[in-house]
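J.: What follows is the file work_12.cif, containing mmCIF, C-alpha atoms:
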```
data_entry
loop_
_atom_site.label_atom_id
_atom_site.label_comp_id
_atom_site.auth_asym_id
_atom_site.auth_seq_id
_atom_site.Cartn_x
_atom_site.Cartn_y
_atom_site.Cartn_z
CA MET Q 1 -78.90 4.15 -24.08
CA GLU Q 2 -80.28 3.14 -27.39
CA HIS Q 3 -83.16 0.68 -27.36
CA SER Q 4 -83.69 -1.82 -30.17
CA PRO Q 5 -86.52 -1.08 -32.60
CA ARG Q 6 -89.84 -2.33 -31.30
CA PRO Q 7 -90.34 -5.16 -33.84
CA ARG Q 8 -87.15 -6.85 -32.70
CA ARG Q 9 -88.52 -7.13 -29.17
CA THR Q 10 -90.94 -9.79 -30.43
CA VAL Q 11 -88.08 -12.22 -31.14
CA PRO Q 12 -88.04 -14.92 -28.43
CA GLY Q 13 -85.28 -14.22 -25.93
CA ALA Q 14 -84.61 -10.72 -27.26
CA GLN Q 15 -85.28 -9.03 -23.92
CA ALA Q 16 -82.81 -11.25 -22.05
CA VAL Q 17 -80.17 -10.72 -24.72
CA ALA Q 18 -80.72 -6.95 -24.68
CA ARG Q 19 -80.42 -6.83 -20.89
CA ALA Q 20 -77.25 -8.92 -20.92
CA ALA Q 21 -75.79 -6.76 -23.69
CA ALA Q 22 -76.59 -3.60 -21.71
CA LEU Q 23 -74.74 -5.00 -18.71
CA LEU Q 24 -71.75 -5.95 -20.87
CA ARG Q 25 -71.57 -2.41 -22.23
CA LEU Q 26 -71.74 -0.92 -18.74
CA VAL Q 27 -69.09 -3.29 -17.38
CA SER Q 28 -66.81 -2.53 -20.34
CA ALA Q 29 -67.19 1.21 -19.75
CA SER Q 30 -66.02 0.96 -16.12
CA ALA Q 31 -62.23 1.17 -16.01
CA ASP Q 32 -62.00 0.06 -12.37
CA GLY Q 33 -64.97 -2.27 -12.39
CA ALA Q 34 -68.54 -1.54 -11.37
CA SER Q 35 -70.65 -2.49 -8.37
CA LEU Q 36 -73.81 -4.54 -8.68
CA GLN Q 37 -75.85 -1.63 -7.38
CA ALA Q 38 -74.46 0.78 -9.98
CA LEU Q 39 -74.92 -1.69 -12.82
CA ALA Q 40 -78.51 -2.47 -11.83
CA ARG Q 41 -79.33 1.24 -11.58
CA GLU Q 42 -77.75 2.17 -14.92
CA ALA Q 43 -79.35 -0.79 -16.71
CA ASP Q 44 -82.73 -0.10 -15.07
CA LEU Q 45 -82.87 -3.62 -13.63
CA SER Q 46 -83.60 -4.99 -10.19
CA ARG Q 47 -80.54 -6.10 -8.23
CA SER Q 48 -81.67 -9.72 -8.39
CA THR Q 49 -82.12 -9.64 -12.18
CA ALA Q 50 -78.79 -7.91 -12.70
CA HIS Q 51 -77.02 -10.39 -10.42
CA ARG Q 52 -78.59 -13.36 -12.20
CA LEU Q 53 -77.52 -12.09 -15.62
CA LEU Q 54 -74.03 -11.18 -14.44
CA THR Q 55 -73.59 -14.61 -12.90
CA ALA Q 56 -74.60 -16.24 -16.19
CA LEU Q 57 -72.17 -14.01 -18.07
CA ARG Q 58 -69.41 -14.90 -15.62
CA VAL Q 59 -69.98 -18.62 -16.21
CA GLU Q 60 -69.42 -17.95 -19.92
CA GLY Q 61 -66.27 -15.93 -19.19
CA LEU Q 62 -67.71 -12.69 -20.53
CA VAL Q 63 -67.43 -10.86 -17.19
CA ASP Q 64 -65.40 -11.46 -14.04
CA GLN Q 65 -65.82 -10.42 -10.41
CA ASP Q 66 -62.99 -9.17 -8.23
CA ALA Q 67 -62.76 -11.34 -5.13
CA ALA Q 68 -61.65 -8.46 -2.91
CA THR Q 69 -64.00 -5.67 -4.02
CA SER Q 70 -66.88 -7.68 -5.57
CA ARG Q 71 -66.78 -5.26 -8.51
CA TRP Q 72 -67.60 -6.58 -11.97
CA MET Q 73 -65.11 -6.30 -14.84
CA PRO Q 74 -64.76 -7.54 -18.43
CA GLY Q 75 -63.90 -11.21 -18.66
CA PRO Q 76 -61.32 -13.11 -20.75
CA GLU Q 77 -63.80 -14.30 -23.37
CA LEU Q 78 -64.82 -10.71 -24.06
CA TYR Q 79 -61.18 -9.89 -24.75
CA LEU Q 80 -60.80 -12.86 -27.11
CA MET Q 81 -63.95 -11.93 -28.99
CA GLY Q 82 -62.72 -8.36 -29.29
CA THR Q 83 -59.41 -9.38 -30.79
CA VAL Q 84 -61.20 -11.40 -33.47
CA ALA Q 85 -63.65 -8.59 -34.25
CA ALA Q 86 -60.76 -6.12 -34.44
CA SER Q 87 -59.56 -7.63 -37.70
CA ARG Q 88 -62.67 -6.24 -39.38
CA TYR Q 89 -63.79 -3.28 -37.30
CA ASP Q 90 -60.70 -1.95 -35.58
CA ILE Q 91 -59.76 1.55 -36.62
CA THR Q 92 -57.48 2.20 -33.67
CA GLU Q 93 -54.23 1.29 -35.40
CA LEU Q 94 -55.27 3.26 -38.46
CA SER Q 95 -55.81 6.37 -36.34
CA ARG Q 96 -53.38 6.13 -33.44
CA ASP Q 97 -50.58 8.21 -34.97
CA ILE Q 98 -53.09 10.91 -35.95
CA VAL Q 99 -54.54 11.02 -32.42
CA ARG Q 100 -51.01 11.18 -31.02
CA SER Q 101 -50.09 14.02 -33.38
CA LEU Q 102 -53.18 15.92 -32.29
CA ALA Q 103 -52.18 15.56 -28.64
CA VAL Q 104 -48.59 16.63 -29.32
CA LYS Q 105 -49.52 19.69 -31.39
CA THR Q 106 -52.21 20.98 -29.01
CA GLU Q 107 -50.76 19.72 -25.70
CA GLU Q 108 -54.31 18.63 -24.76
CA SER Q 109 -55.71 15.13 -24.31
CA ALA Q 110 -56.87 13.79 -27.68
CA PHE Q 111 -59.39 11.06 -28.43
CA LEU Q 112 -60.94 8.96 -31.15
CA SER Q 113 -64.56 7.92 -30.61
CA THR Q 114 -66.78 5.76 -32.77
CA ARG Q 115 -70.49 5.93 -33.32
CA ARG Q 116 -72.33 2.90 -32.00
CA ALA Q 117 -76.07 3.23 -32.68
CA ASP Q 118 -77.20 6.24 -30.58
CA GLU Q 119 -73.98 6.54 -28.61
CA THR Q 120 -70.31 7.30 -29.02
CA VAL Q 121 -67.66 5.03 -27.52
CA CYS Q 122 -64.12 6.23 -26.88
CA LEU Q 123 -61.57 3.96 -28.58
CA VAL Q 124 -58.25 5.80 -28.22
CA ARG Q 125 -56.90 8.31 -25.71
CA GLU Q 126 -53.56 10.12 -25.97
CA GLU Q 127 -52.43 12.38 -23.16
CA GLY Q 128 -51.23 15.89 -23.92
CA SER Q 129 -48.21 17.43 -22.27
CA PHE Q 130 -50.15 20.14 -20.40
CA PRO Q 131 -50.02 19.08 -16.72
CA ILE Q 132 -53.68 19.88 -15.88
CA ARG Q 133 -56.00 17.40 -17.57
CA SER Q 134 -59.64 16.48 -17.85
CA PHE Q 135 -60.60 12.88 -17.10
CA VAL Q 136 -64.17 12.95 -18.41
CA LEU Q 137 -63.28 10.65 -21.29
CA SER Q 138 -61.23 7.45 -21.54
CA GLU Q 139 -61.27 4.22 -23.51
CA GLY Q 140 -64.63 2.46 -23.31
CA VAL Q 141 -66.59 5.43 -21.98
CA ARG Q 142 -69.92 5.98 -23.73
CA PHE Q 143 -72.06 9.07 -24.16
CA PRO Q 144 -75.32 9.60 -26.03
CA LEU Q 145 -74.98 11.46 -29.32
CA GLY Q 146 -75.15 15.20 -28.75
CA VAL Q 147 -73.79 15.13 -25.20
CA ALA Q 148 -70.00 15.04 -25.45
CA SER Q 149 -68.25 17.02 -28.19
CA ALA Q 150 -67.55 13.89 -30.28
CA GLY Q 151 -71.20 12.90 -30.32
CA LEU Q 152 -72.30 16.46 -30.99
CA ALA Q 153 -70.00 16.60 -34.02
CA ILE Q 154 -71.33 13.31 -35.38
CA LEU Q 155 -74.98 14.22 -34.78
CA SER Q 156 -74.48 17.58 -36.49
CA PHE Q 157 -73.59 15.94 -39.80
CA LEU Q 158 -76.39 13.38 -39.85
CA SER Q 159 -79.38 14.09 -42.07
CA ASP Q 160 -82.22 16.22 -40.70
CA HIS Q 161 -84.42 13.13 -40.75
CA ASP Q 162 -81.92 11.16 -38.65
CA VAL Q 163 -81.56 14.02 -36.17
CA ASP Q 164 -85.34 14.31 -35.79
CA ALA Q 165 -85.67 10.55 -35.28
CA TYR Q 166 -82.86 10.55 -32.71
CA LEU Q 167 -84.45 13.34 -30.67
CA GLU Q 168 -87.80 11.55 -30.77
CA ARG Q 169 -86.17 8.39 -29.42
CA HIS Q 170 -84.41 10.23 -26.60
CA PRO Q 171 -86.68 12.74 -24.86
CA GLU Q 172 -84.79 11.95 -21.62
CA LEU Q 173 -81.60 13.84 -22.56
CA ALA Q 174 -82.50 17.04 -20.71
CA GLU Q 175 -83.61 15.18 -17.59
CA ARG Q 176 -80.49 13.04 -17.45
CA TRP Q 177 -77.82 15.47 -18.70
CA GLY Q 178 -79.28 18.86 -17.82
CA ARG Q 179 -81.40 21.56 -19.45
CA PRO Q 180 -78.73 22.52 -22.03
CA HIS Q 181 -79.38 19.11 -23.60
CA GLY Q 182 -83.07 19.81 -24.20
CA GLU Q 183 -84.19 19.76 -27.80
CA LYS Q 184 -84.15 23.52 -28.44
CA PRO Q 185 -80.65 24.31 -27.08
CA LEU Q 186 -79.29 21.10 -28.58
CA ARG Q 187 -80.59 22.00 -32.03
CA THR Q 188 -78.95 25.42 -31.65
CA ARG Q 189 -75.59 23.77 -30.89
CA LEU Q 190 -76.05 21.43 -33.86
CA ARG Q 191 -76.52 24.39 -36.21
CA GLU Q 192 -73.49 26.17 -34.72
CA THR Q 193 -71.40 23.04 -35.06
CA LYS Q 194 -72.30 22.52 -38.70
CA ALA Q 195 -71.54 26.16 -39.50
CA ARG Q 196 -68.25 26.16 -37.56
CA GLY Q 197 -67.15 22.69 -38.65
CA TYR Q 198 -66.38 21.46 -35.14
CA ALA Q 199 -68.37 21.06 -31.93
CA VAL Q 200 -67.73 22.86 -28.65
CA ASN Q 201 -68.77 21.51 -25.26
CA PRO Q 202 -68.37 24.40 -22.78
CA GLY Q 203 -68.25 22.36 -19.59
CA LEU Q 204 -71.73 20.88 -19.94
CA ILE Q 205 -70.77 17.43 -18.60
CA VAL Q 206 -68.31 18.48 -15.88
CA GLU Q 207 -68.02 22.14 -14.93
CA GLY Q 208 -64.70 23.59 -16.01
CA SER Q 209 -63.91 20.72 -18.39
CA TRP Q 210 -64.22 21.79 -22.02
CA GLY Q 211 -64.10 19.76 -25.18
CA ILE Q 212 -64.14 20.22 -28.93
CA GLY Q 213 -64.87 17.54 -31.52
CA ALA Q 214 -64.76 17.07 -35.29
CA ALA Q 215 -66.53 14.38 -37.29
CA VAL Q 216 -64.60 11.77 -39.25
CA PHE Q 217 -66.36 10.36 -42.31
CA ASP Q 218 -66.44 6.96 -43.96
CA ARG Q 219 -65.99 6.36 -47.69
CA ASP Q 220 -69.67 7.15 -48.30
CA GLY Q 221 -69.55 10.46 -46.44
CA ARG Q 222 -71.25 9.26 -43.26
CA PRO Q 223 -70.01 10.62 -39.91
CA GLU Q 224 -69.03 7.38 -38.16
CA TRP Q 225 -66.22 8.60 -35.90
CA ALA Q 226 -64.95 11.78 -34.27
CA LEU Q 227 -61.68 13.21 -33.04
CA SER Q 228 -61.88 15.36 -29.94
CA LEU Q 229 -59.82 17.34 -27.46
CA THR Q 230 -60.57 17.95 -23.80
CA GLY Q 231 -58.97 20.17 -21.21
CA VAL Q 232 -59.54 22.78 -18.55
CA GLU Q 233 -61.64 25.82 -19.41
CA PHE Q 234 -58.94 28.49 -19.56
CA ARG Q 235 -57.13 26.47 -22.25
CA PHE Q 236 -60.15 26.82 -24.55
CA GLY Q 237 -60.58 30.58 -24.42
CA PRO Q 238 -61.59 32.72 -27.45
CA ASP Q 239 -57.96 33.57 -28.21
CA ARG Q 240 -56.98 29.90 -28.59
CA LEU Q 241 -60.17 28.06 -29.56
CA PRO Q 242 -60.08 28.89 -33.31
CA GLN Q 243 -56.51 27.61 -33.57
CA LEU Q 244 -57.43 24.40 -31.76
CA GLY Q 245 -60.43 24.02 -34.06
CA ARG Q 246 -58.32 24.38 -37.21
CA THR Q 247 -55.82 21.83 -35.96
CA LEU Q 248 -58.58 19.43 -35.01
CA LEU Q 249 -60.31 19.76 -38.39
CA ALA Q 250 -57.03 19.19 -40.24
CA HIS Q 251 -56.44 15.94 -38.34
CA ALA Q 252 -60.05 14.83 -38.83
CA HIS Q 253 -59.72 15.44 -42.58
CA GLN Q 254 -56.47 13.47 -42.63
CA LEU Q 255 -58.13 10.51 -40.92
CA SER Q 256 -61.19 10.66 -43.20
CA SER Q 257 -58.86 10.62 -46.22
CA ARG Q 258 -56.94 7.68 -44.81
CA ILE Q 259 -60.15 5.74 -44.20
CA ALA Q 260 -61.31 6.48 -47.74
CA GLY Q 261 -58.17 4.82 -49.02
CA THR Q 262 -58.65 1.60 -47.07
CA ARG Q 263 -60.83 -1.41 -47.79
CA ARG Q 264 -64.55 -1.08 -47.13
CA THR Q 265 -64.47 -3.51 -44.20
CA VAL Q 266 -63.29 -0.73 -41.89
CA ALA Q 267 -66.55 0.27 -40.21
CA GLY Q 268 -67.80 2.32 -37.27
CA GLY Q 269 -68.43 0.46 -33.99
#
```
When written as structure tokens, how does the structure in this file appear?

T.:
Amino acid sequence: MEHSPRPRRTVPGAQAVARAAALLRLVSASADGASLQALAREADLSRSTAHRLLTALRVEGLVDQDAATSRWMPGPELYLMGTVAASRYDITELSRDIVRSLAVKTEESAFLSTRRADETVCLVREEGSFPIRSFVLSEGVRFPLGVASAGLAILSFLSDHDVDAYLERHPELAERWGRPHGEKPLRTRLRETKARGYAVNPGLIVEGSWGIGAAVFDRDGRPEWALSLTGVEFRFGPDRLPQLGRTLLAHAHQLSSRIAGTRRTVAGG
């Protein structure tokens, strides 16, 4: 996860806010709720600290706890806040028909993800008609840039300076996500992605589950979103991959053009 720049840590209360925000993100990314143990581990907090923060968030209605399973889930206030923020930041309605078209034309599961600091967050998922599917990605799931195909596509089209700074901030990628996410192999994939136009993830997150992603740009040419496809490995073979890539790029270009024609208040994340 992305950490706030060091100077901001000197603001009184910043650490508590950052910890609470990290827990909110983790809870929101768990479709079926998350246990206290898992949340504490992922947020790098002690169980007692995580429980104290979650309890405070529950009092405010930002999270809720299932009485039967004790798992933590997003609360009603979080939903209300999201609906208000959607009027400025929501791109889902702008993109939904394009994501659906991508799923229909390829028969694979299609997604829209947004860049949020050093991560991507899945906003929209549309199922393809092919009966065997990959479930690596769904709404609310986050990955660091460069890990899933959406984040690899976005990272590929950032400036060299931004890529260097990102890799300096995240030396843990190889340890957490495996050796293929070390700096050298990741830079190789970034170059390949930029040359090809779309990213390929050959089962690096879950064996046998492939993905391809294409960046979507804002009005100023910044890669703020990505469209992606996921499916089982044999559906992404060399005979079919170029066709999927062309279809993906065409839909990404369509969405970028649509965004360029809207008001500037549409923003990533």

J.: Rank Q:Ala153, Q:Ile259, Q:Leu112, Q:Val141 by their smallest atom-to-atom distance to Arg189 of chain Q, using only C-alpha atoms, and report the top residue only.

T.: Q:Ala153

J.: For segment 214-220 of chain Q, find every residue with an atom within 6 Å (counting all atoms listed in the file), except residues of its own chain fewer than 6 positions away, and show them as a list in words.

T.: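 Residues near the query, excluding close chain neighbours: Ala153, Ile154, Tyr198, Ala226, Leu227, Ala252, Ser256 and Ala260 of chain Q.
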
J.: Can you translate the PyMOL selection byres ((chain Q and resi 236) around 12) into the concrete residues it hits in this file, as a ChimeraX atom specification?

T.: /Q:106-108,200-203,208-212,229-235,237-245

J.: Which residue gives the smallest distance to Glu126 of chain Q among Q:Ala103, Q:Leu158, Q:Ala34, Q:Ala165, with only C-alpha atoms counted?

T.: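 Using only C-alpha atoms, Glu126 of chain Q sits closest to Q:Ala103.
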
J.: With distances taken over all atoms listed in the file, which residue among Q:Ser35, Q:Glu42, Q:Arg96, Q:Phe143 lies nearest Arg71 of chain Q?

T.: Q:Ser35

J.: Taking into account only C-alpha atoms, which residue in the set Q:His170, Q:Arg258, Q:Arg222, Q:Arg125 is nearest to Gly182 of chain Q?

T.: Q:His170

J.: Would you mind reading off the distance between atom CA of Glu175 of chain Q and atom CA of Gly146 of chain Q, one decimal, in Å?

T.: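 These atoms are spaced 14.0 Å apart.
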
J.: Just the number, please: distance in Å from atom CA of Ala68 of chain Q to atom CA of Leu39 of chain Q, one decimal.

T.: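 Calculated distance between atom CA of Ala68 of chain Q and atom CA of Leu39 of chain Q is 17.9 Å.
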
J.: Just say which residues the PyMOL selection byres ((chain Q and resi 19) around 12) picks in this file, as an NGL selection string.

T.: :Q and (1-4 or 9 or 13-18 or 20-26 or 39-40 or 42-46 or 49-54 or 57)

J.: Quick one: write out the picked residues with C-alpha atoms as a PDB file, in the frame of the given file?

T.:
```
ATOM      1  CA  MET Q   1     -78.900   4.150 -24.080  1.00  0.00           C
ATOM      2  CA  GLU Q   2     -80.280   3.140 -27.390  1.00  0.00           C
ATOM      3  CA  HIS Q   3     -83.160   0.680 -27.360  1.00  0.00           C
ATOM      4  CA  SER Q   4     -83.690  -1.820 -30.170  1.00  0.00           C
ATOM      5  CA  ARG Q   9     -88.520  -7.130 -29.170  1.00  0.00           C
ATOM      6  CA  GLY Q  13     -85.280 -14.220 -25.930  1.00  0.00           C
ATOM      7  CA  ALA Q  14     -84.610 -10.720 -27.260  1.00  0.00           C
ATOM      8  CA  GLN Q  15     -85.280  -9.030 -23.920  1.00  0.00           C
ATOM      9  CA  ALA Q  16     -82.810 -11.250 -22.050  1.00  0.00           C
ATOM     10  CA  VAL Q  17     -80.170 -10.720 -24.720  1.00  0.00           C
ATOM     11  CA  ALA Q  18     -80.720  -6.950 -24.680  1.00  0.00           C
ATOM     12  CA  ALA Q  20     -77.250  -8.920 -20.920  1.00  0.00           C
ATOM     13  CA  ALA Q  21     -75.790  -6.760 -23.690  1.00  0.00           C
ATOM     14  CA  ALA Q  22     -76.590  -3.600 -21.710  1.00  0.00           C
ATOM     15  CA  LEU Q  23     -74.740  -5.000 -18.710  1.00  0.00           C
ATOM     16  CA  LEU Q  24     -71.750  -5.950 -20.870  1.00  0.00           C
ATOM     17  CA  ARG Q  25     -71.570  -2.410 -22.230  1.00  0.00           C
ATOM     18  CA  LEU Q  26     -71.740  -0.920 -18.740  1.00  0.00           C
ATOM     19  CA  LEU Q  39     -74.920  -1.690 -12.820  1.00  0.00           C
ATOM     20  CA  ALA Q  40     -78.510  -2.470 -11.830  1.00  0.00           C
ATOM     21  CA  GLU Q  42     -77.750   2.170 -14.920  1.00  0.00           C
ATOM     22  CA  ALA Q  43     -79.350  -0.790 -16.710  1.00  0.00           C
ATOM     23  CA  ASP Q  44     -82.730  -0.100 -15.070  1.00  0.00           C
ATOM     24  CA  LEU Q  45     -82.870  -3.620 -13.630  1.00  0.00           C
ATOM     25  CA  SER Q  46     -83.600  -4.990 -10.190  1.00  0.00           C
ATOM     26  CA  THR Q  49     -82.120  -9.640 -12.180  1.00  0.00           C
ATOM     27  CA  ALA Q  50     -78.790  -7.910 -12.700  1.00  0.00           C
ATOM     28  CA  HIS Q  51     -77.020 -10.390 -10.420  1.00  0.00           C
ATOM     29  CA  ARG Q  52     -78.590 -13.360 -12.200  1.00  0.00           C
ATOM     30  CA  LEU Q  53     -77.520 -12.090 -15.620  1.00  0.00           C
ATOM     31  CA  LEU Q  54     -74.030 -11.180 -14.440  1.00  0.00           C
ATOM     32  CA  LEU Q  57     -72.170 -14.010 -18.070  1.00  0.00           C
TER      33      LEU Q  57
END
```

J.: In Å, rounded to a single decimal, give me how far atom CA of Ile98 of chain Q is from atom CA of Leu80 of chain Q.

T.: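 According to the coordinates, atom CA of Leu80 of chain Q and atom CA of Ile98 of chain Q are separated by 26.5 Å.
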
J.: Could you give me, as a ChimeraX atom specification, the residues that have an atom at most 7 Å away from the point (-57.6, 2.8, -23.5) in the coordinates of the file, using only C-alpha atoms?

T.: /Q:123-125,138-139

J.: Using 3 Å of padding on each side, determine the axis-aligned box around all atoms of segment 58-63 of chain Q present in the file and give its centre and edge lengths in Å to one decimal, as lines of an AutoDock Vina configuration file.

T.:
```
center_x = -68.1
center_y = -14.7
center_z = -18.1
size_x = 9.7
size_y = 13.8
size_z = 10.9
```

J.: For Lys184 of chain Q, find every residue with an atom within 12 Å (counting only C-alpha atoms), except residues of its own chain fewer than 6 positions away, and show them as a PyMOL selection string.

T.: chain Q and resi 164+167+171+173-174+190-191

J.: Would you please work out which residue, of Q:Ser48, Q:Ser109, Q:Gln65, Q:Thr114, is nearest to Glu127 of chain Q when using all atoms listed in the file?

T.: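 Nearest candidate to Glu127 of chain Q out of Q:Ser48, Q:Ser109, Q:Gln65, Q:Thr114: Q:Ser109.
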
J.: Run the PyMOL selection byres ((chain Q and resi 74) around 12) mentally over the shown coordinates, then write out the matched residues as JSON, numbers by chain, using the chain letters and numbers from the document.

T.: {"Q": [23, 24, 25, 26, 27, 28, 29, 30, 31, 32, 33, 34, 54, 57, 58, 60, 61, 62, 63, 64, 65, 66, 71, 72, 73, 75, 76, 77, 78, 79, 80, 81, 82, 140]}

J.: Using the selection just defined, write its residues with C-alpha atoms as a PDB file, in the frame of the given file.

T.:
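Full text of out_34.pdb as output:
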```pdb
ATOM      1  CA  LEU Q  23     -74.740  -5.000 -18.710  1.00  0.00           C
ATOM      2  CA  LEU Q  24     -71.750  -5.950 -20.870  1.00  0.00           C
ATOM      3  CA  ARG Q  25     -71.570  -2.410 -22.230  1.00  0.00           C
ATOM      4  CA  LEU Q  26     -71.740  -0.920 -18.740  1.00  0.00           C
ATOM      5  CA  VAL Q  27     -69.090  -3.290 -17.380  1.00  0.00           C
ATOM      6  CA  SER Q  28     -66.810  -2.530 -20.340  1.00  0.00           C
ATOM      7  CA  ALA Q  29     -67.190   1.210 -19.750  1.00  0.00           C
ATOM      8  CA  SER Q  30     -66.020   0.960 -16.120  1.00  0.00           C
ATOM      9  CA  ALA Q  31     -62.230   1.170 -16.010  1.00  0.00           C
ATOM     10  CA  ASP Q  32     -62.000   0.060 -12.370  1.00  0.00           C
ATOM     11  CA  GLY Q  33     -64.970  -2.270 -12.390  1.00  0.00           C
ATOM     12  CA  ALA Q  34     -68.540  -1.540 -11.370  1.00  0.00           C
ATOM     13  CA  LEU Q  54     -74.030 -11.180 -14.440  1.00  0.00           C
ATOM     14  CA  LEU Q  57     -72.170 -14.010 -18.070  1.00  0.00           C
ATOM     15  CA  ARG Q  58     -69.410 -14.900 -15.620  1.00  0.00           C
ATOM     16  CA  GLU Q  60     -69.420 -17.950 -19.920  1.00  0.00           C
ATOM     17  CA  GLY Q  61     -66.270 -15.930 -19.190  1.00  0.00           C
ATOM     18  CA  LEU Q  62     -67.710 -12.690 -20.530  1.00  0.00           C
ATOM     19  CA  VAL Q  63     -67.430 -10.860 -17.190  1.00  0.00           C
ATOM     20  CA  ASP Q  64     -65.400 -11.460 -14.040  1.00  0.00           C
ATOM     21  CA  GLN Q  65     -65.820 -10.420 -10.410  1.00  0.00           C
ATOM     22  CA  ASP Q  66     -62.990  -9.170  -8.230  1.00  0.00           C
ATOM     23  CA  ARG Q  71     -66.780  -5.260  -8.510  1.00  0.00           C
ATOM     24  CA  TRP Q  72     -67.600  -6.580 -11.970  1.00  0.00           C
ATOM     25  CA  MET Q  73     -65.110  -6.300 -14.840  1.00  0.00           C
ATOM     26  CA  GLY Q  75     -63.900 -11.210 -18.660  1.00  0.00           C
ATOM     27  CA  PRO Q  76     -61.320 -13.110 -20.750  1.00  0.00           C
ATOM     28  CA  GLU Q  77     -63.800 -14.300 -23.370  1.00  0.00           C
ATOM     29  CA  LEU Q  78     -64.820 -10.710 -24.060  1.00  0.00           C
ATOM     30  CA  TYR Q  79     -61.180  -9.890 -24.750  1.00  0.00           C
ATOM     31  CA  LEU Q  80     -60.800 -12.860 -27.110  1.00  0.00           C
ATOM     32  CA  MET Q  81     -63.950 -11.930 -28.990  1.00  0.00           C
ATOM     33  CA  GLY Q  82     -62.720  -8.360 -29.290  1.00  0.00           C
ATOM     34  CA  GLY Q 140     -64.630   2.460 -23.310  1.00  0.00           C
TER      35      GLY Q 140
END
```
